[in-house]
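Step one of this worksheet: look at the structure below.
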Amino acid sequence: MTLPARPLRFVRGHQTVSVESAPPDAMLLDWLREQGQYGTREGCAEGDCGACTVVLGELHDGQLQLRAVNSCIRLLSSVDGCAVFTIEDVARTDGSLHPAQQAMLECHGSQCGFCTPGFVMSLFALYHEAGAAAPPGCIGRLQAQQAVSGNLCRCTGYRPILQAAQTMHSHAPQSLDTEALAARLRALQSPLGQRIDHDGRTTWRPASLPQALQCRADQPQAQVVAGTTDVGLWINKLHQQPSQVIDLSAAPDMARIEERGDALRIGAAARLTDAFAALVRHYPDLAGFLSRFAGQTVRNAATLGGNIANGSPIGDSMPMLIALDASLTLASVRGVRELPLETFFTGYRRTLLAADELISEVVVPLPRPGQVVRAYKLSKRFEDDISAVCFVVSIRCEAGHIDAVRIGVGGMAATPMRAARTERALLGQPWTLATMRAAADVARQEFSPISDMRATAEYRREAIGNLLIRLWHELETDEPVLRELAR
Ligand SMILES: Cc1cc2nc3c(=O)[nH]c(=O)nc-3n(C[C@H](O)[C@H](O)[C@H](O)COP(=O)(O)OP(=O)(O)OC[C@H]3O[C@@H](n4cnc5c(N)ncnc54)[C@H](O)[C@@H]3O)c2cc1C
Ligand code: FES
Ligand code: FES
């Protein structure tokens, strides 16, 4: 497919800039620093520290959305049609500080200062999400914690920073002309897609699923990317230099989330922030678990399709989606097929995806009456860490017996798995501690995990059995759930 070649155009500060061309692996952070904008820092170059945080303004269903992302793993080409805010843009033109900066100053939220621009950018996004006119106290501690969950500080300690987040609305308001910015961004959108050529290398930016499928059919060797939160690391750390990239982030129909029939249909390129919000509306008990997937800045860029296609045995969305009985829609120019997610993985990082296919949708059944879902992630750090073990259970009881159960596990085998033997040990059994103990023994024997830097095989085996027993205790002490189970 021949997408039209055109330069990158995006809004920086108060201007629309045009970048004639860029290599397919050029990162936003490098470009900013090459422009002499050194406020945005590089710490880890792998999305882990937040020193490089910038805020992107994007149109979503015609509305402006401001979100903090990691510029170190953000392709420069992917900001076409967006507004990019960096620390250089937040103070007022007379030099007085933005409320986020003023609050950081007054709360003593900075010491060496290396992390500070990144924190301020996360707070800037939070401030404008709440609205400049929002009253003091509108941001709670939990919301503040979530907003900076992708930012690390090695010297200040987080209390003053969280206090800054919670008090920034008490300073003189600083509003953003969102209408004018949205109009400016609308003028930059094109339904024709985009091709960016650079020294014999090409980035393809299809503007729709059909365009993306044609690009995929024409360039089966190209590196597909969506949020680049995995591929960005292959570029920065493994020094991969893809010569052809197909970027799905400009195809709005691939990011659509809708409820149809008895299922939630999540576009594969929907950002995790949006996909998780939709899931939590139906499965509120997943909120805590999903808030521990990476940090906010990664979730603002990463996609569900990327997590699944990457096929990591320790990816967090797959155990959950397996427990929820989700299926995938795989699309190509040849047509569409749907398959249960649990059958998609064929071996370590191997899947059934054909060379000309893309994941177009993830289909998640809506909750059934009496269905209870619990998800557990064991990792060394609470936030922004990869699972050693992930364990998600969907269970329903009828007249004191377990009449439906599905369990998804991660970190226990070469792929995310369904715990079929453990499920059989539970199905039809009375809802008692003895049942859970017996099933826990089965769970400990069902898998042969490996030992690695995250956990030993023994720990993993012991842990999943214990999680089943923990599930029982949690549900027994959770009265609304107990009433539901006893129905
Ligand atoms: C700091 C940090 C923390 C992280 N924490 C977690 C965590 O807690 N849990 C976890 O599970 N993961 C975590 N990750 C990994 C990563 O964020 C996820 O795997 C994410 O969902 C990948 O999505 P993406 O859109 O960024 O994928 P990309 O990097 O763009 O792509 C990943 C792979 O998927 C393919 N792909 C993408 N979309 C499609 C599609 N629609 N069809 C076919 N192929 C496609 C690409 O070709 C590529 O092979 C973390 C990453 C970072 C950097
Ligand atoms: S430099 Fe650490 S997250 Fe980007
Ligand atoms: S102030 Fe030094 S790293 Fe945060």
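Convention: chains lettered A, B, ... in structure tokens order; per-chain residue numbering from 1; ligands numbered from 1 as shown.
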TODO: Could you give me the residues within 6 Å of ligand 2, counting only C-alpha atoms and all ligand atoms, as an MDAnalysis selection string?
DONE: chainID A and resid 42:52 70 72
Dump as a short mmCIF file (atom, residue, chain, number, x, y, z; two decimals), in the first residue's frame, selection limited to N, CA and C atoms:
```cif
data_model
loop_
_atom_site.label_atom_id
_atom_site.label_comp_id
_atom_site.auth_asym_id
_atom_site.auth_seq_id
_atom_site.Cartn_x
_atom_site.Cartn_y
_atom_site.Cartn_z
N GLU A 42 17.45 11.97 30.44
CA GLU A 42 17.52 10.52 30.21
C GLU A 42 18.12 9.87 31.45
N GLY A 43 17.35 8.96 32.06
CA GLY A 43 17.87 8.20 33.19
C GLY A 43 18.18 6.79 32.74
N CYS A 44 17.13 6.03 32.50
CA CYS A 44 17.30 4.60 32.23
C CYS A 44 17.17 4.25 30.74
N ALA A 45 16.48 5.08 29.98
CA ALA A 45 16.20 4.82 28.55
C ALA A 45 15.38 3.55 28.36
N GLU A 46 14.63 3.14 29.39
CA GLU A 46 13.78 1.96 29.22
C GLU A 46 12.42 2.11 29.91
N GLY A 47 11.97 3.31 30.07
CA GLY A 47 10.61 3.53 30.57
C GLY A 47 10.43 3.29 32.05
N ASP A 48 11.55 3.17 32.78
CA ASP A 48 11.48 2.70 34.16
C ASP A 48 11.61 3.80 35.21
N CYS A 49 12.12 5.00 34.82
CA CYS A 49 12.43 5.97 35.87
C CYS A 49 11.62 7.25 35.78
N GLY A 50 11.10 7.57 34.61
CA GLY A 50 10.25 8.75 34.47
C GLY A 50 11.01 10.06 34.30
N ALA A 51 12.36 10.03 34.26
CA ALA A 51 13.12 11.28 34.11
C ALA A 51 12.79 11.97 32.78
N CYS A 52 12.36 11.19 31.81
CA CYS A 52 12.12 11.70 30.45
C CYS A 52 10.65 12.04 30.21
N ASN A 70 6.55 8.38 28.52
CA ASN A 70 8.02 8.34 28.58
C ASN A 70 8.58 8.66 27.19
N CYS A 72 11.60 8.57 26.24
CA CYS A 72 12.77 7.76 25.85
C CYS A 72 12.38 6.55 25.01
#
```
Test item: residues lying within 7 Å of ligand 3 with only C-alpha atoms and all ligand atoms, as a PDB file with C-alpha atoms, in the first residue's frame:
```
ATOM      1  CA  SER A 110      13.117  18.337  45.000  1.00  0.00           C
ATOM      2  CA  GLN A 111      16.686  17.814  46.150  1.00  0.00           C
ATOM      3  CA  CYS A 112      19.259  16.959  43.466  1.00  0.00           C
ATOM      4  CA  GLY A 113      16.603  17.834  40.896  1.00  0.00           C
ATOM      5  CA  PHE A 114      17.368  15.109  38.366  1.00  0.00           C
ATOM      6  CA  CYS A 115      13.908  13.586  38.574  1.00  0.00           C
ATOM      7  CA  THR A 116      12.067  16.888  39.075  1.00  0.00           C
ATOM      8  CA  LEU A 152      11.346   7.499  40.540  1.00  0.00           C
ATOM      9  CA  CYS A 153      13.123   9.779  42.973  1.00  0.00           C
ATOM     10  CA  ARG A 154      16.218   8.533  44.722  1.00  0.00           C
ATOM     11  CA  CYS A 155      16.671  11.371  47.190  1.00  0.00           C
ATOM     12  CA  THR A 156      13.625  13.396  48.203  1.00  0.00           C
TER      13      THR A 156
END
```
Counting only C-alpha atoms, which residues of segment 302-347 of chain A sit at most 10 Å from some atom of segment 283-297 of chain A, and what is each one's closest atom pair with its distance in Å to one decimal, listed by chain and rising residue number, as a tab-separated table?
```
residue	atom	partner	partner_atom	distance
A:Ala302	CA	A:Thr297	CA	8.8
A:Gly315	CA	A:Phe293	CA	9.2
A:Asp316	CA	A:Phe293	CA	7.0
A:Ser317	CA	A:Leu290	CA	8.4
A:Met320	CA	A:Leu286	CA	8.8
A:Leu324	CA	A:Tyr283	CA	9.8
```
Selected residues, C-alpha atoms, written as an mmCIF file, in the first residue's frame, please.
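Result file part.cif:
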```cif
data_model
loop_
_atom_site.group_PDB
_atom_site.id
_atom_site.type_symbol
_atom_site.label_atom_id
_atom_site.label_comp_id
_atom_site.auth_asym_id
_atom_site.auth_seq_id
_atom_site.Cartn_x
_atom_site.Cartn_y
_atom_site.Cartn_z
ATOM 1 C CA ALA A 302 1.157 0.724 25.984
ATOM 2 C CA GLY A 315 2.865 -10.412 30.900
ATOM 3 C CA ASP A 316 0.055 -9.369 33.230
ATOM 4 C CA SER A 317 -2.968 -8.973 31.003
ATOM 5 C CA MET A 320 -6.543 -11.975 33.602
ATOM 6 C CA LEU A 324 -12.239 -13.871 31.932
#
```
Go through segment 46-132 of chain A residue by residue and, counting only C-alpha atoms, keep those with an atom at most 10 Å from segment 18-30 of chain A; for each kept residue give the shortest atom pair and its distance in Å to one decimal, ordered by chain and increasing number, as a tab-separated table.
```
residue	atom	partner	partner_atom	distance
A:Cys52	CA	A:Leu29	CA	6.8
A:Thr53	CA	A:Leu29	CA	9.0
A:Val54	CA	A:Leu29	CA	8.9
A:Asn70	CA	A:Leu29	CA	8.4
A:Ser71	CA	A:Leu29	CA	4.8
A:Cys72	CA	A:Leu29	CA	5.0
A:Ile73	CA	A:Met27	CA	6.3
A:Arg74	CA	A:Met27	CA	5.5
A:Leu75	CA	A:Met27	CA	4.5
A:Leu76	CA	A:Leu28	CA	4.3
A:Ser77	CA	A:Ala22	CA	7.0
A:Ser78	CA	A:Leu28	CA	8.7
A:Val79	CA	A:Leu28	CA	8.1
A:Asp80	CA	A:Ser18	CA	9.1
A:Val84	CA	A:Leu28	CA	9.5
```
Open item on the list: What does the structure give for the distance between atom CA of Leu330 of chain A and atom CA of Pro416 of chain A, in Å to one decimal?
Closed with: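 It comes out at 18.6 Å.
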Task: Surrounding residues as an MDAnalysis selection string, ligand 1, max 8 Å, only C-alpha atoms and all ligand atoms - done: chainID A and resid 46:49 73 150 223:233 247:248 254 268:269 271:272 292:295 298:299 301:312 314:318 330 353 357:361 383:387
Export, as an mmCIF file, in the first residue's frame, the selected residues with C-alpha atoms.
```cif
data_model
loop_
_atom_site.group_PDB
_atom_site.id
_atom_site.type_symbol
_atom_site.label_atom_id
_atom_site.label_comp_id
_atom_site.auth_asym_id
_atom_site.auth_seq_id
_atom_site.Cartn_x
_atom_site.Cartn_y
_atom_site.Cartn_z
ATOM 1 C CA GLU A 46 13.779 1.958 29.224
ATOM 2 C CA GLY A 47 10.610 3.526 30.567
ATOM 3 C CA ASP A 48 11.483 2.705 34.158
ATOM 4 C CA CYS A 49 12.432 5.970 35.870
ATOM 5 C CA ILE A 73 10.683 4.935 24.375
ATOM 6 C CA GLY A 150 6.086 5.914 36.732
ATOM 7 C CA GLN A 223 8.396 -4.317 12.738
ATOM 8 C CA VAL A 224 4.853 -3.637 13.925
ATOM 9 C CA VAL A 225 4.622 -1.226 16.858
ATOM 10 C CA ALA A 226 1.756 0.242 18.854
ATOM 11 C CA GLY A 227 2.842 1.906 22.132
ATOM 12 C CA THR A 228 6.540 0.931 21.728
ATOM 13 C CA THR A 229 6.881 0.138 25.416
ATOM 14 C CA ASP A 230 8.367 -3.248 24.525
ATOM 15 C CA VAL A 231 9.888 -2.462 21.128
ATOM 16 C CA GLY A 232 11.424 0.762 22.505
ATOM 17 C CA LEU A 233 13.612 -1.366 24.750
ATOM 18 C CA ASP A 247 3.032 2.054 13.581
ATOM 19 C CA LEU A 248 -0.568 1.318 14.609
ATOM 20 C CA MET A 254 -7.921 0.026 16.144
ATOM 21 C CA ALA A 268 -5.919 -3.955 20.105
ATOM 22 C CA ALA A 269 -4.318 -0.514 19.876
ATOM 23 C CA ARG A 271 -4.084 2.398 25.363
ATOM 24 C CA LEU A 272 -3.988 0.381 28.566
ATOM 25 C CA ARG A 292 0.069 -2.291 39.345
ATOM 26 C CA PHE A 293 0.690 -2.865 35.634
ATOM 27 C CA ALA A 294 3.847 -0.808 34.988
ATOM 28 C CA GLY A 295 3.378 2.859 35.941
ATOM 29 C CA VAL A 298 3.737 3.342 30.462
ATOM 30 C CA ARG A 299 -0.001 2.559 30.674
ATOM 31 C CA ALA A 301 1.247 4.531 25.851
ATOM 32 C CA ALA A 302 1.157 0.724 25.984
ATOM 33 C CA THR A 303 -1.636 -1.268 24.361
ATOM 34 C CA LEU A 304 -3.455 -4.502 25.129
ATOM 35 C CA GLY A 305 -2.630 -5.880 21.657
ATOM 36 C CA GLY A 306 1.067 -5.206 22.259
ATOM 37 C CA ASN A 307 1.044 -7.016 25.601
ATOM 38 C CA ILE A 308 -0.627 -10.070 24.051
ATOM 39 C CA ALA A 309 1.382 -10.167 20.802
ATOM 40 C CA ASN A 310 4.614 -9.846 22.747
ATOM 41 C CA GLY A 311 3.603 -13.113 24.408
ATOM 42 C CA SER A 312 5.781 -12.768 27.475
ATOM 43 C CA ILE A 314 5.165 -12.850 32.699
ATOM 44 C CA GLY A 315 2.865 -10.412 30.900
ATOM 45 C CA ASP A 316 0.055 -9.369 33.230
ATOM 46 C CA SER A 317 -2.968 -8.973 31.003
ATOM 47 C CA MET A 318 -3.003 -12.567 29.715
ATOM 48 C CA LEU A 330 -6.995 -11.731 14.231
ATOM 49 C CA LEU A 353 -0.310 -14.898 14.593
ATOM 50 C CA GLU A 357 -2.036 -10.767 10.511
ATOM 51 C CA LEU A 358 -2.624 -8.227 13.238
ATOM 52 C CA ILE A 359 -4.567 -8.572 16.452
ATOM 53 C CA SER A 360 -7.475 -6.239 15.812
ATOM 54 C CA GLU A 361 -9.640 -6.762 18.905
ATOM 55 C CA GLU A 383 4.567 -0.375 41.503
ATOM 56 C CA ASP A 384 6.186 -0.423 38.113
ATOM 57 C CA ASP A 385 7.584 -3.940 38.342
ATOM 58 C CA ILE A 386 7.197 -7.152 36.370
ATOM 59 C CA SER A 387 5.426 -10.130 37.980
#
```
- [ ] Between atom CA of Pro313 of chain A and atom CA of Leu238 of chain A, measure the distance and give it in Å to one decimal.
- [x] 19.6 Å
TODO: Give me every strand (DSSP E) residue in segment 373-420 of chain A, going by DSSP on the backbone, as a list in words.
DONE: Val373, Arg374, Ala375, Tyr376, Lys377, Leu378, Val389, Cys390, Phe391, Val392, Val393, Ser394, Ile395, Arg396, Cys397, Glu398, His401, Ile402, Asp403, Ala404, Val405, Arg406, Ile407, Gly408, Val409, Gly410, Met417 and Arg418 of chain A
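Non-sequential neighbours of Leu427 of chain A (distance at most 7 Å, separation of 5 or more positions within a chain, only C-alpha atoms) are Ile402, Asp403, Ala404 and Val405 of chain A.
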Open item on the list: Run DSSP on the backbone and tell me which residues of segment 305-377 of chain A come out as helix (DSSP H, G or I); list them as a PyMOL selection string.
Closed with: chain A and resi 305-310+317-323+341-343
Residues from the last selection, C-alpha atoms, saved as a PDB file, in the first residue's frame:
```pdb
ATOM      1  CA  GLY A 305      -2.630  -5.880  21.657  1.00  0.00           C
ATOM      2  CA  GLY A 306       1.067  -5.206  22.259  1.00  0.00           C
ATOM      3  CA  ASN A 307       1.044  -7.016  25.601  1.00  0.00           C
ATOM      4  CA  ILE A 308      -0.627 -10.070  24.051  1.00  0.00           C
ATOM      5  CA  ALA A 309       1.382 -10.167  20.802  1.00  0.00           C
ATOM      6  CA  ASN A 310       4.614  -9.846  22.747  1.00  0.00           C
ATOM      7  CA  SER A 317      -2.968  -8.973  31.003  1.00  0.00           C
ATOM      8  CA  MET A 318      -3.003 -12.567  29.715  1.00  0.00           C
ATOM      9  CA  PRO A 319      -3.730 -14.432  32.985  1.00  0.00           C
ATOM     10  CA  MET A 320      -6.543 -11.975  33.602  1.00  0.00           C
ATOM     11  CA  LEU A 321      -7.950 -12.301  30.090  1.00  0.00           C
ATOM     12  CA  ILE A 322      -7.698 -16.110  30.204  1.00  0.00           C
ATOM     13  CA  ALA A 323      -9.602 -16.136  33.504  1.00  0.00           C
ATOM     14  CA  LEU A 341      -6.861 -16.309  23.963  1.00  0.00           C
ATOM     15  CA  GLU A 342      -5.730 -19.404  25.847  1.00  0.00           C
ATOM     16  CA  THR A 343      -4.997 -21.174  22.517  1.00  0.00           C
TER      17      THR A 343
END
```
TODO: Select, from A:Val120, A:Asp325, A:Arg33, A:Gln189, the residue with the minimum atom-to-atom distance to Phe10 of chain A, counting only C-alpha atoms.
DONE: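 Counting only C-alpha atoms, the residue closest to Phe10 of chain A is A:Gln189.
You can rank A:Pro369, A:Gly140, A:Pro252, A:Pro206 by their closest distance to Pro4 of chain A using only C-alpha atoms, and at the top of that list sits A:Pro206.
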- [ ] Would you list the contacts of Gly13 of chain A as an NGL selection string, taking every protein, DNA or RNA residue within 9 Å and counting only C-alpha atoms, but skipping same-chain residues closer than 4 positions in sequence?
- [x] :A and (83-86 or 88-90)
Open item on the list: I'd like the neighbourhood of Arg186 of chain A as a PyMOL selection string, where a residue qualifies if any of its atoms comes within 10 Å (using only C-alpha atoms), though same-chain residues fewer than 3 positions away should be ignored.
Closed with: chain A and resi 58-59+62-64+81-82+180-183+189-190
